[in-house]
$ cat data.txt   # compact mmCIF, C-alpha atoms
# COMPACT_ATOMS: atom_id res chain seq x y z
CA MET A 367 -52.37 36.42 133.98
CA ASN A 368 -50.83 37.70 130.80
CA GLU A 369 -52.23 36.22 127.60
CA ASN A 370 -49.53 37.82 125.41
CA PRO A 371 -46.84 35.23 124.59
CA SER A 372 -44.30 37.85 123.48
CA LYS A 373 -41.49 39.31 125.52
CA ARG A 374 -38.90 41.97 124.74
CA VAL A 375 -35.14 41.59 124.71
CA GLY A 376 -33.75 45.09 124.25
CA ASN A 377 -35.80 46.57 121.42
CA VAL A 378 -36.60 43.20 119.83
CA SER A 379 -39.89 41.35 120.38
CA VAL A 380 -39.29 37.64 121.04
CA ILE A 381 -42.04 35.00 120.90
CA THR A 382 -42.05 32.87 124.02
CA GLY A 383 -41.88 29.21 123.02
CA VAL A 384 -39.88 29.76 119.80
CA ARG A 385 -36.14 29.36 119.31
CA GLN A 386 -34.01 30.24 116.28
CA VAL A 387 -31.82 27.43 114.94
CA ASN A 388 -29.44 26.85 112.04
CA LEU A 389 -30.35 24.21 109.47
CA TRP A 390 -29.67 23.08 105.92
CA LYS A 391 -31.91 22.86 102.84
CA PRO A 392 -31.45 20.08 100.25
CA GLN A 393 -30.70 22.60 97.51
CA ASP A 394 -27.79 24.10 99.47
CA LEU A 395 -25.96 21.74 101.83
CA GLN A 396 -22.93 24.05 102.03
CA HIS A 397 -24.60 26.91 103.86
CA THR A 398 -26.85 27.05 106.87
CA GLN A 399 -30.05 29.04 107.08
CA HIS A 400 -31.95 30.43 110.04
CA ASP A 401 -35.35 29.02 110.96
CA GLN A 402 -37.72 28.94 113.93
CA LEU A 403 -38.57 25.83 115.95
CA ALA A 404 -41.17 25.44 118.67
CA GLU A 405 -39.74 24.84 122.13
CA GLU A 406 -40.77 21.73 124.02
CA VAL A 407 -39.76 21.67 127.68
CA PRO A 408 -40.48 19.52 130.75
CA VAL A 409 -43.15 21.19 132.89
CA ALA A 410 -43.72 19.84 136.40
CA LEU A 411 -47.04 20.54 138.10
CA VAL A 412 -46.30 20.82 141.82
CA TYR A 413 -49.20 20.92 144.28
CA ASN A 414 -48.45 22.34 147.73
CA GLY A 415 -44.81 21.36 147.34
CA ILE A 416 -45.39 17.83 146.01
CA SER A 417 -44.65 17.10 142.34
CA HIS A 418 -47.66 15.44 140.74
CA VAL A 419 -46.84 15.06 137.06
CA VAL A 420 -44.31 16.14 134.43
CA MET A 421 -45.61 17.00 130.97
CA MET A 422 -43.81 18.08 127.81
CA ALA A 423 -45.28 21.43 126.79
CA SER A 424 -44.72 24.86 125.27
CA PRO A 425 -43.37 27.26 127.92
CA LYS A 426 -46.20 29.79 127.63
CA ASP A 427 -49.64 30.25 129.20
CA LEU A 428 -48.69 27.76 131.91
CA GLU A 429 -50.98 29.36 134.50
CA TRP A 430 -53.97 28.52 132.28
CA PHE A 431 -52.55 25.01 131.85
CA ALA A 432 -52.34 24.52 135.62
CA ILE A 433 -55.97 25.56 136.09
CA GLY A 434 -57.28 23.52 133.16
CA PHE A 435 -55.33 20.39 134.08
CA SER A 436 -56.49 20.63 137.69
CA LEU A 437 -60.12 20.87 136.56
CA SER A 438 -60.01 18.29 133.78
CA GLU A 439 -58.26 15.74 136.01
CA GLY A 440 -60.71 16.26 138.87
CA ILE A 441 -58.09 17.64 141.27
CA ILE A 442 -60.31 20.69 141.86
CA GLU A 443 -63.98 21.36 141.22
CA ASN A 444 -63.70 25.10 140.61
CA ARG A 445 -61.11 27.82 140.10
CA SER A 446 -61.47 29.20 143.64
CA GLU A 447 -59.82 26.09 145.09
CA ILE A 448 -56.47 27.26 143.71
CA TYR A 449 -55.05 30.00 145.93
CA GLY A 450 -51.92 30.81 143.95
CA ILE A 451 -49.80 29.82 140.92
CA ASP A 452 -46.09 30.54 140.34
CA VAL A 453 -43.98 29.49 137.37
CA VAL A 454 -40.27 29.07 138.16
CA GLN A 455 -37.18 27.70 136.44
CA ALA A 456 -36.20 24.25 137.72
CA CYS A 457 -33.38 21.99 136.56
CA LYS A 458 -33.78 21.76 132.77
CA GLY A 459 -37.42 22.76 132.69
CA LEU A 460 -40.12 24.67 134.52
CA GLU A 461 -42.09 24.13 137.68
CA VAL A 462 -45.65 25.33 138.01
CA GLN A 463 -46.12 25.66 141.76
CA ILE A 464 -49.82 25.46 142.63
CA GLU A 465 -51.25 26.23 146.06
CA LEU A 466 -54.39 24.17 146.64
CA SER A 467 -57.01 24.50 149.33
CA SER A 468 -56.40 22.17 152.28
CA ARG A 469 -59.44 20.05 151.42
CA ARG A 470 -58.39 19.51 147.82
CA PHE A 471 -54.78 18.83 148.75
CA MET A 472 -55.82 16.18 151.26
CA ALA A 473 -57.99 14.53 148.58
CA LEU A 474 -55.06 14.59 146.15
CA LYS A 475 -52.76 12.98 148.71
CA GLU A 476 -55.33 10.24 149.36
CA ARG A 477 -55.55 9.57 145.63
CA ARG A 478 -51.76 9.35 145.33
CA ARG A 479 -51.62 7.01 148.33
CA ALA A 480 -54.24 4.74 146.75
CA LEU A 481 -52.30 4.59 143.50
CA ALA A 482 -48.95 3.88 145.14
CA GLY A 483 -49.80 0.26 145.98
CA ARG A 484 -51.16 -0.71 142.59
CA THR A 485 -49.39 -2.61 139.85
CA GLY A 486 -49.12 -0.44 136.74
CA CYS A 487 -50.72 -1.75 133.58
CA GLY A 488 -48.81 0.57 131.28
CA VAL A 489 -51.88 2.00 129.58
CA CYS A 490 -51.25 5.70 129.01
CA GLY A 491 -49.65 6.03 132.44
CA VAL A 492 -52.87 4.97 134.16
CA GLU A 493 -52.36 2.61 137.09
CA GLN A 494 -55.33 0.35 136.44
CA LEU A 495 -57.48 -0.28 133.41
CA ASN A 496 -60.58 0.79 135.33
CA ASP A 497 -59.09 4.26 135.73
CA VAL A 498 -59.26 4.87 131.98
CA GLY A 499 -62.99 5.64 132.28
CA LYS A 500 -63.22 7.89 135.30
CA PRO A 501 -66.80 8.64 136.37
CA ILE A 502 -68.24 11.80 134.79
CA ALA A 503 -71.59 13.29 135.74
CA PRO A 504 -73.92 13.33 132.70
CA LEU A 505 -73.87 16.72 131.00
CA PRO A 506 -77.07 18.79 130.73
CA PHE A 507 -78.49 19.84 127.36
CA THR A 508 -78.19 23.62 127.65
CA GLN A 509 -75.97 24.50 124.67
CA THR A 510 -76.56 24.74 120.93
CA PHE A 511 -74.36 25.49 117.92
CA HIS A 512 -75.32 26.69 114.45
CA LEU A 513 -73.55 24.30 112.05
CA ASN A 514 -73.72 26.75 109.14
CA THR A 515 -71.15 28.92 111.00
CA LEU A 516 -68.59 26.13 111.50
CA ASP A 517 -66.71 26.92 108.28
CA LEU A 518 -66.15 30.49 109.46
CA ALA A 519 -64.84 29.21 112.79
CA LEU A 520 -62.42 26.84 111.04
CA GLU A 521 -60.94 29.74 109.08
CA HIS A 522 -59.89 31.36 112.37
CA LEU A 523 -58.62 28.27 114.16
CA ASN A 524 -55.00 29.27 113.69
CA ASP A 525 -55.54 32.85 114.87
CA VAL A 526 -54.31 31.78 118.32
CA GLN A 527 -51.25 29.96 116.94
CA GLU A 528 -48.49 32.55 117.03
CA ILE A 529 -45.90 29.81 117.52
CA GLY A 530 -47.65 27.59 114.99
CA ARG A 531 -47.54 30.22 112.25
CA LEU A 532 -43.77 30.48 112.67
CA THR A 533 -42.99 26.79 113.12
CA GLY A 534 -45.93 24.67 111.89
CA CYS A 535 -45.54 22.69 115.12
CA THR A 536 -48.46 23.36 117.46
CA HIS A 537 -52.01 22.28 118.10
CA SER A 538 -54.69 24.74 119.10
CA SER A 539 -57.86 24.63 121.16
CA VAL A 540 -60.39 27.46 120.93
CA TRP A 541 -63.79 28.46 122.28
CA LEU A 542 -66.63 29.38 119.92
CA THR A 543 -69.90 31.17 120.52
CA PRO A 544 -73.11 29.39 119.39
CA TYR A 545 -72.82 31.34 116.11
CA GLY A 546 -69.21 30.38 115.37
CA LYS A 547 -67.43 33.50 116.59
CA LEU A 548 -63.93 32.82 117.91
CA VAL A 549 -63.79 33.98 121.53
CA GLY A 550 -60.18 32.96 122.16
CA GLY A 551 -57.93 29.98 122.66
CA HIS A 552 -54.46 28.60 123.21
CA GLU A 553 -51.78 26.59 121.46
CA ASP A 554 -49.19 24.04 122.52
CA VAL A 555 -46.95 21.37 121.07
CA GLY A 556 -49.22 18.88 122.86
CA ARG A 557 -52.90 18.64 121.94
CA HIS A 558 -53.94 17.72 125.49
CA VAL A 559 -52.00 20.64 126.91
CA ALA A 560 -53.54 23.06 124.40
CA LEU A 561 -56.99 21.85 125.51
CA ASP A 562 -56.11 22.17 129.19
CA LYS A 563 -54.90 25.74 128.64
CA MET A 564 -58.16 26.67 126.94
CA LEU A 565 -60.22 24.97 129.66
CA GLY A 566 -58.27 26.83 132.32
CA ARG A 567 -58.88 30.13 130.57
CA ARG A 568 -62.57 29.29 130.22
CA ALA A 569 -62.87 28.63 133.94
CA THR A 570 -61.59 32.12 134.68
CA GLU A 571 -63.40 34.21 132.05
CA GLY A 572 -66.99 35.47 131.84
CA ASP A 573 -70.23 34.36 130.21
CA GLU A 574 -69.03 34.44 126.59
CA TRP A 575 -66.64 31.60 127.41
CA HIS A 576 -69.46 29.40 128.67
CA GLN A 577 -71.98 29.60 125.82
CA GLY A 578 -71.05 27.58 122.74
CA ALA A 579 -68.52 24.88 121.89
CA ALA A 580 -64.86 23.86 121.91
CA LEU A 581 -62.88 23.27 118.71
CA VAL A 582 -59.54 21.42 118.65
CA SER A 583 -57.08 21.12 115.78
CA SER A 584 -56.37 17.45 116.45
CA ARG A 585 -58.16 14.12 116.56
CA ALA A 586 -60.60 13.41 119.37
CA SER A 587 -59.21 10.78 121.72
CA TYR A 588 -61.03 9.60 124.83
CA GLU A 589 -58.77 11.84 126.95
CA MET A 590 -59.87 14.91 125.00
CA VAL A 591 -63.55 14.02 125.43
CA GLN A 592 -63.06 13.19 129.10
CA LYS A 593 -61.22 16.46 129.84
CA ALA A 594 -63.87 18.52 128.04
CA ALA A 595 -66.74 16.79 129.82
CA MET A 596 -65.08 17.11 133.24
CA CYS A 597 -65.10 20.88 132.67
CA GLY A 598 -68.73 21.04 131.59
CA VAL A 599 -68.15 21.41 127.83
CA GLU A 600 -71.23 20.05 126.05
CA ILE A 601 -70.06 20.28 122.40
CA LEU A 602 -66.61 19.31 121.09
CA PHE A 603 -65.52 19.76 117.46
CA ALA A 604 -62.31 18.08 116.24
CA VAL A 605 -60.56 18.69 112.93
CA SER A 606 -59.58 15.02 112.64
CA ALA A 607 -61.17 11.69 113.49
CA ALA A 608 -62.55 10.34 116.75
CA THR A 609 -61.61 7.02 118.30
CA THR A 610 -64.13 4.37 119.29
CA LEU A 611 -63.45 4.96 122.99
CA ALA A 612 -63.91 8.70 122.52
CA VAL A 613 -67.35 8.06 121.01
CA GLU A 614 -68.27 5.68 123.82
CA VAL A 615 -67.27 8.20 126.50
CA ALA A 616 -69.10 11.02 124.68
CA GLU A 617 -72.26 8.95 124.37
CA ARG A 618 -72.16 7.96 128.02
CA CYS A 619 -71.64 11.49 129.39
CA ASN A 620 -74.05 13.25 126.95
CA LEU A 621 -71.34 15.18 125.07
CA THR A 622 -71.98 16.13 121.43
CA LEU A 623 -68.87 14.95 119.55
CA VAL A 624 -68.17 16.03 115.97
CA GLY A 625 -65.09 14.97 113.98
CA PHE A 626 -63.57 15.51 110.54
CA CYS A 627 -64.47 19.19 110.72
CA LYS A 628 -63.37 20.61 107.38
CA PRO A 629 -64.93 23.32 105.17
CA GLY A 630 -68.32 22.00 104.10
CA ARG A 631 -67.90 18.75 106.01
CA ALA A 632 -68.41 17.27 109.48
CA THR A 633 -69.17 13.88 111.01
CA ILE A 634 -71.49 13.87 114.03
CA TYR A 635 -70.85 10.92 116.33
CA THR A 636 -73.09 11.58 119.33
CA HIS A 637 -76.05 13.64 120.55
CA PRO A 638 -76.85 15.68 117.40
CA GLN A 639 -79.79 17.47 119.04
CA ARG A 640 -77.57 20.36 120.15
CA LEU A 641 -76.64 21.17 116.54
CA LEU A 642 -78.81 23.52 114.49
CA ASP A 643 -78.67 23.55 110.69
CA VAL A 644 -80.21 26.99 110.15

$ encode --input "data.txt" --output "structure tokens"
Amino acid sequence: MNENPSKRVGNVSVITGVRQVNLWKPQDLQHTQHDQLAEEVPVALVYNGISHVVMMASPKDLEWFAIGFSLSEGIIENRSEIYGIDVVQACKGLEVQIELSSRRFMALKERRRALAGRTGCGVCGVEQLNDVGKPIAPLPFTQTFHLNTLDLALEHLNDVQEIGRLTGCTHSSVWLTPYGKLVGGHEDVGRHVALDKMLGRRATEGDEWHQGAALVSSRASYEMVQKAAMCGVEILFAVSAATTLAVEVAERCNLTLVGFCKPGRATIYTHPQRLLDV
């Protein structure tokens, strides 16, 4: 899968996920100017020919998104259970066509059948309130992170935001080594999608992507904690605040959750024993 979000039209390099538009500035309402906006398109995840969900996302790195979403939502347990991924144009958006193993596809169909008869409660698209807290196996305590390197990591958070640097309109999710080195990451107009892309990449890469911590440019909601924990992430840093439910989920599944990560500042909500101050 190609990590590079650029493509070429003739001799001009074009950033996938960015579109040029005309707009006006208050100081000159008589003349338009050119600017760049981040694209947001409907992306359907289709498993073995059956559409499962439609998300609004940036139209890049969608293979990583498919893998990460499948892992973080418990549709698969490991990368090998996806046999193929194709991204195709469909209607006014994109389809990510995912070929699952027979066992996983049967489990997905059973889950969909179970949901079909329920009355929706309207909470975040979840069919029943009990589904908000899906069971997560408690995480082990195998990872550490040196807090004195967090400031350095924060300086490089936007290194993966090619669209964001042009438009100011994306979130990012990155992976850090235990000493704060940026290994890599992904961006998207949606914070959950950015995290899924990074988790999908992590599931495919080598050892460096499995030692350390995740850092997201957004707040830490319960969905962000739940997705990270489902993929075995033990430490999650968030630039903004955490919600009460996020803290509860993190405490329950043994995830170290840290919010308000700014230069010289951090708030540790759960399981501080993984964090080293030297």

$ closest_residue --input "data.txt" --among "A:Thr610, A:Gln455, A:Gln577, A:Gln509" --to "Val407 in chain A" --atoms "only C-alpha atoms"
A:Gln455

$ residues_near_point --input "data.txt" --point "(-64.4, 9.9, 129.5)" --cutoff "9 Å" --atoms "all atoms listed in the file" --output "ChimeraX atom specification"
/A:498-502,588-596,611-612,614-616,618-619

$ closest_residue --input "data.txt" --among "A:Ser438, A:Ile433, A:Asn620, A:Ser424" --to "Gly459 in chain A" --atoms "all atoms listed in the file"
A:Ser424

$ atom_distance --input "data.txt" --atom1 "CA of Asp562 in chain A" --atom2 "CA of Glu521 in chain A"
22.0 Å

$ atom_distance --input "data.txt" --atom1 "CA of Gly450 in chain A" --atom2 "CA of Glu465 in chain A"
5.1 Å

$ closest_residue --input "data.txt" --among "A:Leu516, A:Ile442, A:Val582, A:Leu523" --to "Gly566 in chain A" --atoms "all atoms listed in the file"
A:Ile442

$ atom_distance --input "data.txt" --atom1 "CA of Thr622 in chain A" --atom2 "CA of Ala432 in chain A"
25.6 Å

$ closest_residue --input "data.txt" --among "A:Val409, A:Val549, A:Ile448, A:Ala569" --to "Cys597 in chain A" --atoms "all atoms listed in the file"
A:Ala569

$ closest_residue --input "data.txt" --among "A:Leu474, A:Leu520, A:Val419, A:Leu411" --to "Gly440 in chain A" --atoms "only C-alpha atoms"
A:Leu474

$ residues_around --input "data.txt" --residues "Tyr635 in chain A" --least-positions-apart "5" --cutoff "9 Å" --atoms "all atoms listed in the file" --output "list in words"
Ala608, Val613, Ala616, Glu617, Thr622, Leu623, Val624 and Gly625 of chain A

$ closest_residue --input "data.txt" --among "A:Arg445, A:Asn414, A:Pro629, A:Leu532" --to "Leu518 in chain A" --atoms "all atoms listed in the file"
A:Pro629

$ residues_around --input "data.txt" --residues "Thr515 in chain A" --least-positions-apart "6" --cutoff "9 Å" --atoms "all atoms listed in the file" --output "list in words"
Pro544, Tyr545, Gly546 and Lys547 of chain A

$ residues_around --input "data.txt" --residues "Tyr413 in chain A" --least-positions-apart "5" --cutoff "9 Å" --atoms "only C-alpha atoms" --output "PDB file with C-alpha atoms, keeping the file's coordinate frame"
ATOM      1  CA  HIS A 418     -47.660  15.440 140.740  1.00  0.00           C
ATOM      2  CA  VAL A 462     -45.650  25.330 138.010  1.00  0.00           C
ATOM      3  CA  GLN A 463     -46.120  25.660 141.760  1.00  0.00           C
ATOM      4  CA  ILE A 464     -49.820  25.460 142.630  1.00  0.00           C
ATOM      5  CA  GLU A 465     -51.250  26.230 146.060  1.00  0.00           C
ATOM      6  CA  LEU A 466     -54.390  24.170 146.640  1.00  0.00           C
ATOM      7  CA  PHE A 471     -54.780  18.830 148.750  1.00  0.00           C
ATOM      8  CA  LEU A 474     -55.060  14.590 146.150  1.00  0.00           C
TER       9      LEU A 474
END
